[in-house]
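Taking it in order: structure first as structure tokens, then the write-up.
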Number of protein chains: 2
Amino acid sequence: MPMAERILDHIRGPQDLKGLSLKEMEQLAQEVREELINTVTRVGGHFGSNLGVVELTIVLHALFDSPKDKIIWDVGHQAYPHKMLTGRRERMGTIRQKGGLCGFCVRSESPHDIFGAGHGGTSISAALGFAKARDLLGRREHVVAVIGDGSFTAGMALEALDHAGELGTDLLIILNDNGMGISPNIGALHRYLVKLRSDPHYRKAKELFEEFMHFMPLGDAMVDALERVKGSIKQFFQPRVIFEDLGCTYLGPVDGHNIADLRDILENAKQLKGPIVVHVVTVKGKGMPEAEQNPVGYHAIKAVGAPGGKKLPSYTDVFVETLIELARRDERIVAVTAAMLEGTGLVKFQKEFPHRCFDVAMAEQHAVTFCAGMALGGLRPVAAIYSTFLQRAFDQIVHDVCIQNIPVVFAIDRAGLVGNDGPTHQGVFDLSYLRCLPHMVIMAPKDENELRHMLKTALEYTDGPIAVRYPRDTVLGLEPPERLECLPIGKGELLREGRHVALVAIGTMVQNALQAAELLAAEGIEAAVVNARFVKPLDKELIRQVAEATGAVVTIEDNVRMGGFGSGVLEFLSEAGLYSVRTLVLGVPDRFIEHATREEQLEECGLDPRSIAQRVKDWLGLPARVPLRAVP
Amino acid sequence: MPMAERILDHIRGPQDLKGLSLKEMEQLAQEVREELINTVTRVGGHFGSNLGVVELTIVLHALFDSPKDKIIWDVGHQAYPHKMLTGRRERMGTIRQKGGLCGFCVRSESPHDIFGAGHGGTSISAALGFAKARDLLGRREHVVAVIGDGSFTAGMALEALDHAGELGTDLLIILNDNGMGISPNIGALHRYLVKLRSDPHYRKAKELFEEFMHFMPLGDAMVDALERVKGSIKQFFQPRVIFEDLGCTYLGPVDGHNIADLRDILENAKQLKGPIVVHVVTVKGKGMPEAEQNPVGYHAIKAVGAPGGKKLPSYTDVFVETLIELARRDERIVAVTAAMLEGTGLVKFQKEFPHRCFDVAMAEQHAVTFCAGMALGGLRPVAAIYSTFLQRAFDQIVHDVCIQNIPVVFAIDRAGLVGNDGPTHQGVFDLSYLRCLPHMVIMAPKDENELRHMLKTALEYTDGPIAVRYPRDTVLGLEPPERLECLPIGKGELLREGRHVALVAIGTMVQNALQAAELLAAEGIEAAVVNARFVKPLDKELIRQVAEATGAVVTIEDNVRMGGFGSGVLEFLSEAGLYSVRTLVLGVPDRFIEHATREEQLEECGLDPRSIAQRVKDWLGLPARVPLRAVP
């Protein structure tokens with residue numbers, strides 16, 4: 001039978017997994033793994049965690065009836081095998097590319113992607129919601145959350161576990177424990193899991209106790225002693241498992257690459273009532289020796305032929321290099337990341353200052369308040385968190401930092417459009433959600449050297465919180481400055497004079513504005529260009545000056561238009577009574593921007609230099625002399 | 001000696017507690033409690049939790065050297081005894097009043113308020129920050145976090161505990177376990193704590209095991225059996241305490257009203273290394289029988305003579321009454337609160353629909369994603385969360401609701417200025433942090449009947465997320481409508497014609513705008529008044545119409561001006577090219593508004609009718625004919 005040779009070709013959906021024998025499932029795992037390695041090494045994408053869940057995915061789809069049964073993947077960057085087995089195998093080569101498959105689960109892509117994700121720690125909450133809906137509406141399907149041990153360090157996962165234990169409804173939580181987030185996991189919970197999975201005695205404790213009692217000579221003294229401890233003896237001989245304390249049944253640990261064991265334990269779990277935690281131990285990068293040995297490097301990989309080698313450094317590189325330089329001169333400087341040592345670049349900082357670098361796990365809320373405490377204790381903390389993840393700590397920024405006006409430095413990486421990760425990871429709200437907060441100072445550099453100066457500025461500034469946001473992008477390649485300088489707070493700079501219109505841009509959009517001004521100049525339109533530098537406080541004097549000089553102000557940002565930088569400029573013009581000034585606010589439109597390259601996304605938003613020039617020209621009401629690229 | 005008769009009179013600060021005998025401390029506790037009862041029943045304020053920590057506060061200040069040692073009170077509404085013992089006793093009668101003491105800890109008030117608070121669950125993070133600052137800067141002070149069991153259900157507290165266990169630094173965490181948040185606590189962790197504190201065997205387990213082994217006749221079979229379990233026996237005979245699994249030393253439980261025991265255990269804890277959790281069991285309302293028996297009712301109380309009896313219902317009352325009415329007709333409707341059953345009014349909903357009401361504990365993040373899951377599972381969830389607490393769930397709103405465009409209804413109570421709770425509880429950012437999110441619909445009612453219609457509208461709307469925000473205020477006292485109606489999405493209403501200026505207001509500011517229009521009319525200024533109803537999507541047509549008709553648009557909101565409703569109107573006017581329209585954005589200024597009554601706060605922000613009228617008149621450049629109240 002040909003299936004024995006190539007089972008994967010016959011899997012059009014989960015239903016085709018139902019009849020497979022153990023041997024066939026093992027072969028299928030091999031095929032999925034091979035194809036995964038081939039595809040991802042060719043087109044790039046998340047890697048290690050996908051190789052780790054091949055067997056688990058097969059067994060889940062064989063045992064459960066998706067999409068009737070709800071399987072919810074936490075984060076979703078480990079859902080590639082799930083995508084392959086749910087009708088999307090042919091499109092795997094398009095993953096994370098414009099118009100292609102998303103790198104995470106997304107509801108619009110397949111009925112089997114029952115809940116979208118991208119950030120970690122959400123799956124138990126969502127699954128519990130599905131479970132209660134099932135209960136109240138009288139249905140009977142199974143609900144499964146697959147969550148990594150990294151995501152388990154997120155506060156909301158623990159909140160959800162607490163609630164699941166309270167509600168006691170049927171819910172299967174699969175703890176996919178590979179000891180890794182993107183970086184190796186940290187935190188006391190992680191240590192505890194390591195202990196749990198490495199100690200076979202945990203599993204066997206109840207049986208062992210029974211044997212023990214069987215062999216015990218029951219003399220009088222013994223009976224007496226037993227009497228004295230009878231209240232406590234029962235509970236102490238159960239495995240000391242946190243999950244059970246919290247009202248869940250704990251099963252495991254089980255080898256996540258042994259299909260027979262996995263099937264047994266999950267079949268068992270399927271029969272049980274209430275919330276069940278199945279502890280599955282997997283190896284990140286399983287089946288590819290180099291990925292197993294370097295799980296951090298192989299968390300995600302770039303496509304073959306993607307720019308490599310002698311490319312320019314990233315803003316992240318410049319951030320951490322500057323931070324190290326500053327930290328050498330000021331030992332009060334400490335750095336905090338939330339499970340993103342590599343992503344934020346802080347892994348380098350950690351090498352030089354191991355005791356001044358804190359990876360707090362996937363715990364942005366804690367990270368920010370922890371920084372507030374350190375700042376009040378006399379340190380100069382830098383919270384290096386991606387724009388999208390900083391959303392998790394919004395209340396802590398308001399309540400623990402801004403209200404108390406504490407000098408915490410926020411280094412906001414991945415601000416603006418971020419490319420292939422798509423909507424869940426776009427950093428396009430930070431200017432809006434930070435600008436509305438009293439005491440907050442917000443900067444964005446026009447290039448890497450300004451980033452250096454801004455970091456210096458931030459660390460010299462002790463009046464309150466200060467943020468610098470920078471993009472997921474390579475730098476311009478400028479010569480580093482002789483020395484770092486403190487920028488005056490709330491002062492921008494006029495980069496180019498012009499009398500017809502003023503382009504007031506922030507962050508990396510300054511470069512696009514300069515290029516747009518060149519294009520406009522070729523059309524006879526003289527555009528002034530302002531590098532605003534500060535979103536808050538605004539350089540009101542400079543903006544007033546260019547507004548009065550040109551009568552036409554265009555703001556440009558890679559944040560949403562609503563409530564962002566441009567909105568701040570409009571507020572100022574209104575406040576200043578500069579009503580006669582014409583205004584155009586360019587930024588990310590009021591919709592979520594799908595995955596594509598950052599360049600494609602900027603074009604889609606009309607924020608590339610040509611689009612900007614065209615839009616400004618149209619807006620100024622001049623006839624088009626040269627056909628520029630059409631604006632979507 | 002006179003001290004024996006009135007010790008409290010001699011306590012000017014913590015230093016005066018150092019030499020007290022046990023007996024004197026007990027008397028002091030009695031005096032503090034009596035004075036607290038007298039003061040709070042007279043002027044109003046938080047009550048039950050303060051009575052619960054009298055002894056704990058005395059012992060802490062006797063044993064530790066504040067402010068060198070850092071004592072951090074979680075939430076801070078239990079810090080009244082702390083305030084009394086740290087030099088603020090005379091001012092206790094001013095608590096929560098304009099210019100008086102704050103109802104929470106606040107750094108500007110005293111060096112002993114080492115970290116501000118108001119929201120729950122932040123203290124361990126802050127304390128850990130202080131502890132690491134101490135370590136790195138070579139100091140040796142003690143750091144103490146006092147956190148209630150209610151706050152322990154907040155995800156960030158668990159994140160912080162995880163990190164504390166990992167770091168292993170010296171830190172004293174006092175778990176003030178009274179079994180209550182504001183409502184009785186729920187969640188599996190709470191159940192676990194109940195078990196822990198009710199079982200004396202937990203404490204004594206190690207000693208008992210030693211006795212047990214001592215009495216045991218060690219025959220061959222016994223040795224053999226022991227051999228078989230030796231790997232596990234050690235760990236199983238330790239108390240099964242989650243805190244120890246997470247790397248903390250656990251001490252307790254101890255009676256929090258027994259000063260001798262408290263002093264012993266805390267003296268002991270002070271000597272130990274690493275993170276220590278001391279489990280202190282207290283009684284909310286201790287010492288006042290009616291408060292002990294009704295801890296929910298006595299969580300906070302109103303001042304004697306404060307409006308009581310036959311007053312108007314609150315917006316909260318109308319919300320829950322309407323929700324119950326709608327839920328009777330649609331069994332898919334469920335309600336979710338995060339530890340605010342009473343505050344949100346849902347306690348009434350729970351009575352009628354116990355299985356359709358979920359109190360998820362202090363877990364706003366989980367609450368929102370739980371709602372997302374329930375909505376996708378076929379229910380119609382209403383997340384009833386205060387504006388200020390919803391900040392905790394910002395990322396979940398973005399990532400789990402808006403990106404996936406899931407029809408979750410947000411009932412945002414305590415929106416706008418909230419009065420006596422002050423800066424930490426102001427609901428003045430929600431329009432800014434929600435307006436920037438694609439797919440979000442935002443409404444605010446001008447009166448209680450519009451709230452009813454908006455709730456109906458929200459529950460009929462299935463295209464995506466929808467929010468209705470309403471204030472901490474009594475309603476106007478209107479006759480309820482015959483039937484609930486669905487409002488057209490994105491449509492406002494013109495309430496008053498006028499040719500000189502258009503007052504475009506949202507929510508309760510519509511009433512103030514109407515009154516301001518009356519005042520302006522008396523001055524010969526004809527002001528149109530628009531009830532915007534929707535912050536998003538805006539009624540662009542109506543705004544354009546009044547803007548073109550008057551050429552002068554004033555927006556009025558009780559949200560910060562930055563990025564709020566007015567900002568949205570400016571964005572529209574810019575977009576629509578209505579540059580010649582003069583604009584004035586009235587709202588909460590860019591600073592934190594201190595505690596006072598809501599009316600005082602509105603005046604301070606220039607949002608009461610007289611201030612609005614005056615500001616509009618000034619702005620229109622007309623000479624003042626009648627002296628109106630000055631605007632700050």
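So you can find residues: chains in the structure tokens are A, B, ... in the order shown, residues in each start at 1, and ligands are numbered from 1 in order.
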
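Note on identical chains: chain B superimposed on chain A gives 0.2 Å, C-alpha RMSD over every paired atom.
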
Next item on the list: Name the residues of range 39-99 of chain A that fall into strand (DSSP E) according to DSSP on the backbone, using the chain letters and numbers of this document, as a PyMOL selection string.
Entry: chain A and resi 45-46+70-73

Checklist line | Spatial neighbours of Thr369 in chain A, max dist 7 Å, only C-alpha atoms, sep filter under 5 positions, as a ChimeraX atom specification | finding: /A:396,400 /B:122,125-126

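Distance annotation: of A:Arg544, A:His355, A:Arg469, A:Arg263, the residue with the minimal separation from Gly492 in chain A is A:Arg544; atom set is only C-alpha atoms.
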
Next item on the list: Write out as a ChimeraX atom specification each polymer residue whose atoms come within 10 Å of Met374 in chain B, counting only C-alpha atoms; drop sequence neighbours fewer than 5 positions from it.
Entry: /A:125-134,136 /B:332,334,368-369,379-381,406-408

For the selection just defined, write its residues with N, CA and C atoms to a file, as a tab-separated table (two decimals), in the first residue's frame.
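Now in part-v2.tsv:
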```tsv
chain	number	residue	atom	x	y	z
A	125	SER	N	-6.90	30.99	29.35
A	125	SER	CA	-8.05	31.89	29.48
A	125	SER	C	-9.05	31.65	28.36
A	126	ALA	N	-8.55	31.60	27.13
A	126	ALA	CA	-9.45	31.40	26.00
A	126	ALA	C	-10.11	30.03	26.08
A	127	ALA	N	-9.33	29.03	26.42
A	127	ALA	CA	-9.87	27.67	26.50
A	127	ALA	C	-10.95	27.57	27.58
A	128	LEU	N	-10.71	28.22	28.69
A	128	LEU	CA	-11.69	28.21	29.77
A	128	LEU	C	-12.98	28.90	29.31
A	129	GLY	N	-12.82	29.94	28.50
A	129	GLY	CA	-13.99	30.60	27.92
A	129	GLY	C	-14.77	29.66	27.02
A	130	PHE	N	-14.06	28.95	26.14
A	130	PHE	CA	-14.72	27.96	25.28
A	130	PHE	C	-15.41	26.88	26.12
A	131	ALA	N	-14.73	26.48	27.19
A	131	ALA	CA	-15.28	25.40	28.02
A	131	ALA	C	-16.57	25.84	28.71
A	132	LYS	N	-16.57	27.06	29.22
A	132	LYS	CA	-17.79	27.53	29.88
A	132	LYS	C	-18.91	27.75	28.88
A	133	ALA	N	-18.58	28.21	27.70
A	133	ALA	CA	-19.61	28.36	26.66
A	133	ALA	C	-20.22	26.99	26.35
A	134	ARG	N	-19.37	26.00	26.22
A	134	ARG	CA	-19.84	24.62	26.00
A	134	ARG	C	-20.79	24.19	27.12
A	136	LEU	N	-22.53	25.97	29.29
A	136	LEU	CA	-23.78	26.73	29.41
A	136	LEU	C	-24.70	26.49	28.23
B	332	ARG	N	-27.80	33.59	26.40
B	332	ARG	CA	-26.38	33.59	26.03
B	332	ARG	C	-25.59	34.67	26.77
B	334	VAL	N	-23.71	36.47	29.49
B	334	VAL	CA	-22.98	36.16	30.73
B	334	VAL	C	-22.21	37.41	31.15
B	368	VAL	N	-10.56	39.34	30.33
B	368	VAL	CA	-10.85	39.77	28.96
B	368	VAL	C	-10.67	38.62	27.97
B	369	THR	N	-9.61	37.86	28.11
B	369	THR	CA	-9.39	36.76	27.17
B	369	THR	C	-10.39	35.63	27.41
B	379	LEU	N	-21.42	32.48	23.43
B	379	LEU	CA	-22.06	33.30	24.45
B	379	LEU	C	-21.94	34.78	24.11
B	380	ARG	N	-22.62	35.61	24.90
B	380	ARG	CA	-22.52	37.07	24.74
B	380	ARG	C	-21.97	37.64	26.03
B	381	PRO	N	-20.65	37.63	26.17
B	381	PRO	CA	-20.06	38.07	27.44
B	381	PRO	C	-20.00	39.59	27.59
B	406	ILE	N	-13.61	40.18	17.98
B	406	ILE	CA	-14.55	39.32	18.69
B	406	ILE	C	-15.58	40.17	19.43
B	407	PRO	N	-16.85	39.81	19.33
B	407	PRO	CA	-17.89	40.63	19.97
B	407	PRO	C	-17.95	40.47	21.48
B	408	VAL	N	-17.03	41.13	22.15
B	408	VAL	CA	-17.06	41.21	23.61
B	408	VAL	C	-17.62	42.59	23.96
```

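Summary of the local environment: counting only C-alpha atoms, residues at most 7 Å from Thr344 in chain B, other than itself and those fewer than 2 positions away along its chain, are Thr316, Met340, Leu341, Glu342, Leu346, Ala384 and Asp413 of chain B.
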
Skipping near chain neighbours, those fewer than 4 positions away, what residues fall within 8 Å of range 48-63 of chain A using only C-alpha atoms, listed as an mmCIF file with N, CA, C and O atoms, in the first residue's frame?
```cif
data_model
loop_
_atom_site.group_PDB
_atom_site.id
_atom_site.type_symbol
_atom_site.label_atom_id
_atom_site.label_comp_id
_atom_site.auth_asym_id
_atom_site.auth_seq_id
_atom_site.Cartn_x
_atom_site.Cartn_y
_atom_site.Cartn_z
ATOM 1 N N PRO A 14 -7.547 16.532 9.723
ATOM 2 C CA PRO A 14 -7.436 15.680 10.916
ATOM 3 C C PRO A 14 -8.152 14.345 10.769
ATOM 4 O O PRO A 14 -7.716 13.346 11.346
ATOM 5 N N GLN A 15 -9.244 14.337 9.978
ATOM 6 C CA GLN A 15 -10.000 13.080 9.855
ATOM 7 C C GLN A 15 -9.131 11.951 9.284
ATOM 8 O O GLN A 15 -9.350 10.779 9.600
ATOM 9 N N LEU A 17 -6.219 11.262 10.036
ATOM 10 C CA LEU A 17 -5.285 10.731 11.042
ATOM 11 C C LEU A 17 -5.920 9.665 11.904
ATOM 12 O O LEU A 17 -5.221 8.922 12.602
ATOM 13 N N LYS A 18 -7.257 9.601 11.861
ATOM 14 C CA LYS A 18 -7.967 8.792 12.852
ATOM 15 C C LYS A 18 -7.604 7.310 12.786
ATOM 16 O O LYS A 18 -7.461 6.663 13.808
ATOM 17 N N GLY A 19 -7.455 6.788 11.593
ATOM 18 C CA GLY A 19 -7.274 5.338 11.496
ATOM 19 C C GLY A 19 -5.820 4.865 11.530
ATOM 20 O O GLY A 19 -5.544 3.680 11.361
ATOM 21 N N MET A 25 1.760 6.418 12.509
ATOM 22 C CA MET A 25 1.901 7.740 13.130
ATOM 23 C C MET A 25 3.373 8.099 13.304
ATOM 24 O O MET A 25 3.778 9.260 13.123
ATOM 25 N N GLU A 26 4.149 7.104 13.647
ATOM 26 C CA GLU A 26 5.585 7.358 13.815
ATOM 27 C C GLU A 26 6.228 7.734 12.478
ATOM 28 O O GLU A 26 7.061 8.638 12.392
ATOM 29 N N ALA A 29 5.223 11.231 11.630
ATOM 30 C CA ALA A 29 6.015 12.210 12.389
ATOM 31 C C ALA A 29 7.346 12.467 11.676
ATOM 32 O O ALA A 29 7.800 13.621 11.547
ATOM 33 N N VAL A 32 6.582 14.579 8.558
ATOM 34 C CA VAL A 32 6.258 15.968 8.892
ATOM 35 C C VAL A 32 7.538 16.715 9.271
ATOM 36 O O VAL A 32 7.796 17.831 8.826
ATOM 37 N N ARG A 33 8.338 16.051 10.069
ATOM 38 C CA ARG A 33 9.569 16.686 10.544
ATOM 39 C C ARG A 33 10.505 17.012 9.373
ATOM 40 O O ARG A 33 11.050 18.106 9.281
ATOM 41 N N LEU A 36 9.070 19.816 7.320
ATOM 42 C CA LEU A 36 9.181 21.050 8.102
ATOM 43 C C LEU A 36 10.596 21.621 8.004
ATOM 44 O O LEU A 36 10.797 22.820 7.763
ATOM 45 N N HIS A 77 3.402 30.047 17.498
ATOM 46 C CA HIS A 77 4.582 29.888 16.627
ATOM 47 C C HIS A 77 5.018 28.436 16.557
ATOM 48 O O HIS A 77 5.948 28.111 15.828
ATOM 49 N N GLN A 78 4.341 27.580 17.341
ATOM 50 C CA GLN A 78 4.617 26.143 17.270
ATOM 51 C C GLN A 78 3.516 25.408 16.502
ATOM 52 O O GLN A 78 3.409 24.194 16.590
ATOM 53 N N ALA A 79 2.719 26.169 15.739
ATOM 54 C CA ALA A 79 1.560 25.549 15.082
ATOM 55 C C ALA A 79 1.824 25.153 13.632
ATOM 56 O O ALA A 79 0.890 24.857 12.898
ATOM 57 N N TYR A 80 3.077 25.127 13.204
ATOM 58 C CA TYR A 80 3.334 24.754 11.808
ATOM 59 C C TYR A 80 2.888 23.318 11.511
ATOM 60 O O TYR A 80 2.247 23.075 10.476
ATOM 61 N N PRO A 81 3.232 22.328 12.381
ATOM 62 C CA PRO A 81 2.728 20.969 12.093
ATOM 63 C C PRO A 81 1.198 20.942 12.080
ATOM 64 O O PRO A 81 0.595 20.267 11.233
ATOM 65 N N HIS A 82 0.604 21.705 12.973
ATOM 66 C CA HIS A 82 -0.866 21.821 12.992
ATOM 67 C C HIS A 82 -1.370 22.364 11.665
ATOM 68 O O HIS A 82 -2.354 21.863 11.101
ATOM 69 N N LEU A 85 -1.157 19.692 8.970
ATOM 70 C CA LEU A 85 -2.114 18.584 9.080
ATOM 71 C C LEU A 85 -3.561 19.035 8.956
ATOM 72 O O LEU A 85 -4.477 18.230 9.008
ATOM 73 N N ASN A 178 9.566 22.349 27.269
ATOM 74 C CA ASN A 178 10.858 22.127 26.625
ATOM 75 C C ASN A 178 11.960 22.918 27.326
ATOM 76 O O ASN A 178 13.076 23.028 26.823
ATOM 77 N N GLY A 256 7.335 13.563 25.201
ATOM 78 C CA GLY A 256 6.543 14.117 24.109
ATOM 79 C C GLY A 256 6.968 13.635 22.736
ATOM 80 O O GLY A 256 6.382 14.057 21.732
ATOM 81 N N HIS A 257 7.960 12.808 22.664
ATOM 82 C CA HIS A 257 8.350 12.274 21.357
ATOM 83 C C HIS A 257 8.060 10.784 21.257
ATOM 84 O O HIS A 257 8.403 10.149 20.266
ATOM 85 N N ASN A 258 7.423 10.240 22.281
ATOM 86 C CA ASN A 258 7.019 8.837 22.265
ATOM 87 C C ASN A 258 5.520 8.774 22.015
ATOM 88 O O ASN A 258 4.703 9.020 22.903
ATOM 89 N N ILE A 259 5.185 8.478 20.763
ATOM 90 C CA ILE A 259 3.778 8.549 20.357
ATOM 91 C C ILE A 259 2.905 7.598 21.169
ATOM 92 O O ILE A 259 1.786 7.947 21.567
ATOM 93 N N LEU A 262 2.376 9.092 24.610
ATOM 94 C CA LEU A 262 1.551 10.289 24.470
ATOM 95 C C LEU A 262 0.091 9.922 24.258
ATOM 96 O O LEU A 262 -0.816 10.497 24.863
ATOM 97 N N ARG A 263 -0.115 8.935 23.369
ATOM 98 C CA ARG A 263 -1.479 8.520 23.061
ATOM 99 C C ARG A 263 -2.146 7.947 24.303
ATOM 100 O O ARG A 263 -3.298 8.263 24.608
ATOM 101 N N LEU A 266 -2.949 10.802 26.845
ATOM 102 C CA LEU A 266 -3.994 11.719 26.399
ATOM 103 C C LEU A 266 -5.345 11.014 26.284
ATOM 104 O O LEU A 266 -6.392 11.624 26.528
ATOM 105 N N GLU A 267 -5.313 9.735 25.938
ATOM 106 C CA GLU A 267 -6.575 8.979 25.944
ATOM 107 C C GLU A 267 -7.125 8.912 27.360
ATOM 108 O O GLU A 267 -8.329 9.059 27.582
ATOM 109 N N THR A 282 9.206 17.893 25.938
ATOM 110 C CA THR A 282 9.650 17.853 24.548
ATOM 111 C C THR A 282 11.027 18.497 24.410
ATOM 112 O O THR A 282 11.503 19.171 25.318
ATOM 113 N N VAL A 283 11.622 18.267 23.282
ATOM 114 C CA VAL A 283 12.936 18.841 23.006
ATOM 115 C C VAL A 283 12.779 19.842 21.872
ATOM 116 O O VAL A 283 12.317 19.495 20.776
ATOM 117 N N LYS A 284 13.139 21.061 22.143
ATOM 118 C CA LYS A 284 13.073 22.100 21.121
ATOM 119 C C LYS A 284 14.082 21.760 20.030
ATOM 120 O O LYS A 284 15.230 21.476 20.318
ATOM 121 N N GLY A 285 13.627 21.777 18.782
ATOM 122 C CA GLY A 285 14.527 21.456 17.685
ATOM 123 C C GLY A 285 14.672 19.964 17.438
ATOM 124 O O GLY A 285 15.524 19.540 16.646
ATOM 125 N N LYS A 286 13.827 19.161 18.084
ATOM 126 C CA LYS A 286 13.928 17.695 18.014
ATOM 127 C C LYS A 286 14.093 17.194 16.576
ATOM 128 O O LYS A 286 13.319 17.554 15.689
ATOM 129 N N GLY A 287 15.075 16.352 16.393
ATOM 130 C CA GLY A 287 15.252 15.713 15.095
ATOM 131 C C GLY A 287 16.259 16.418 14.207
ATOM 132 O O GLY A 287 16.590 15.933 13.126
ATOM 133 N N ALA A 291 19.846 22.115 15.777
ATOM 134 C CA ALA A 291 18.798 22.889 16.438
ATOM 135 C C ALA A 291 18.618 22.425 17.881
ATOM 136 O O ALA A 291 18.355 23.237 18.778
ATOM 137 N N GLU A 292 18.764 21.147 18.112
ATOM 138 C CA GLU A 292 18.660 20.654 19.488
ATOM 139 C C GLU A 292 19.764 21.244 20.348
ATOM 140 O O GLU A 292 19.564 21.561 21.518
ATOM 141 N N PRO A 295 19.125 25.679 20.715
ATOM 142 C CA PRO A 295 17.694 25.998 20.598
ATOM 143 C C PRO A 295 17.417 27.494 20.518
ATOM 144 O O PRO A 295 16.412 27.896 19.937
ATOM 145 N N TYR A 298 18.095 28.514 16.895
ATOM 146 C CA TYR A 298 17.153 27.902 15.974
ATOM 147 C C TYR A 298 15.699 28.120 16.375
ATOM 148 O O TYR A 298 14.806 27.436 15.884
ATOM 149 N N HIS A 299 15.450 29.058 17.306
ATOM 150 C CA HIS A 299 14.044 29.365 17.642
ATOM 151 C C HIS A 299 13.311 29.778 16.367
ATOM 152 O O HIS A 299 12.238 29.295 16.055
ATOM 153 N N ALA A 300 13.920 30.685 15.648
ATOM 154 C CA ALA A 300 13.399 31.076 14.344
ATOM 155 C C ALA A 300 14.609 31.243 13.439
ATOM 156 O O ALA A 300 15.694 31.600 13.895
#
```

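Minimum atom-to-atom distances from B:Arg328, B:His279, B:Lys536, B:Lys68 to Ile114 in chain B were compared using only C-alpha atoms, and the lowest value belongs to B:Lys68.
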
Check: Which residues, written as a PyMOL selection string, have at least one atom at most 12 Å from Asp74 in chain B, with only C-alpha atoms counted and residues fewer than 6 positions away on the same chain left out?
Finding: (chain A and resi 400) or (chain B and resi 49+104-106+113-127+144-152+154+157+173-176+181)

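Of the listed residues (A:Ile412, A:Ala528, A:Cys248, A:Val360), A:Val360 comes nearest to chain B; the distances count only C-alpha atoms.
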
Check: If you measure from CA of His163 in chain A to CA of Gly187 in chain B, what distance in Å do you get, rounded to one decimal?
Finding: 5.2 Å

Note to self: Using only C-alpha atoms for the distances, tell me which of A:Glu109, A:Glu450, A:Asp177, A:Asp170 is nearest to Gln271 in chain A.
What the structure shows: A:Asp170

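Residue nearest chain B within the list A:Ile556, A:Leu312, A:Ile506, A:Ile397: A:Ile397 [criterion: smallest interatomic distance, only C-alpha atoms].
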
Next item on the list: Select, from A:Ile543, A:Val569, A:Ala303, A:Val418, the residue with the minimum atom-to-atom distance to Phe47 in chain A, counting only C-alpha atoms.
Entry: A:Ala303

Next item on the list: Grab the CA of Ser580 in chain A to CA of Ile525 in chain B distance for me, in Å with one decimal place.
Entry: 23.2 Å

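Picture a line from CA of Lys351 in chain B to CA of His366 in chain B; it runs 23.0 Å.
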
Notebook entry, point to check: Just asking: which residues within range 365-541 of chain A are helix (DSSP H, G or I) according to DSSP, as number ranges by chain?
Noted result: A: 365-376, 387-402, 423-425, 430-435, 448-460, 509-522, 540-541
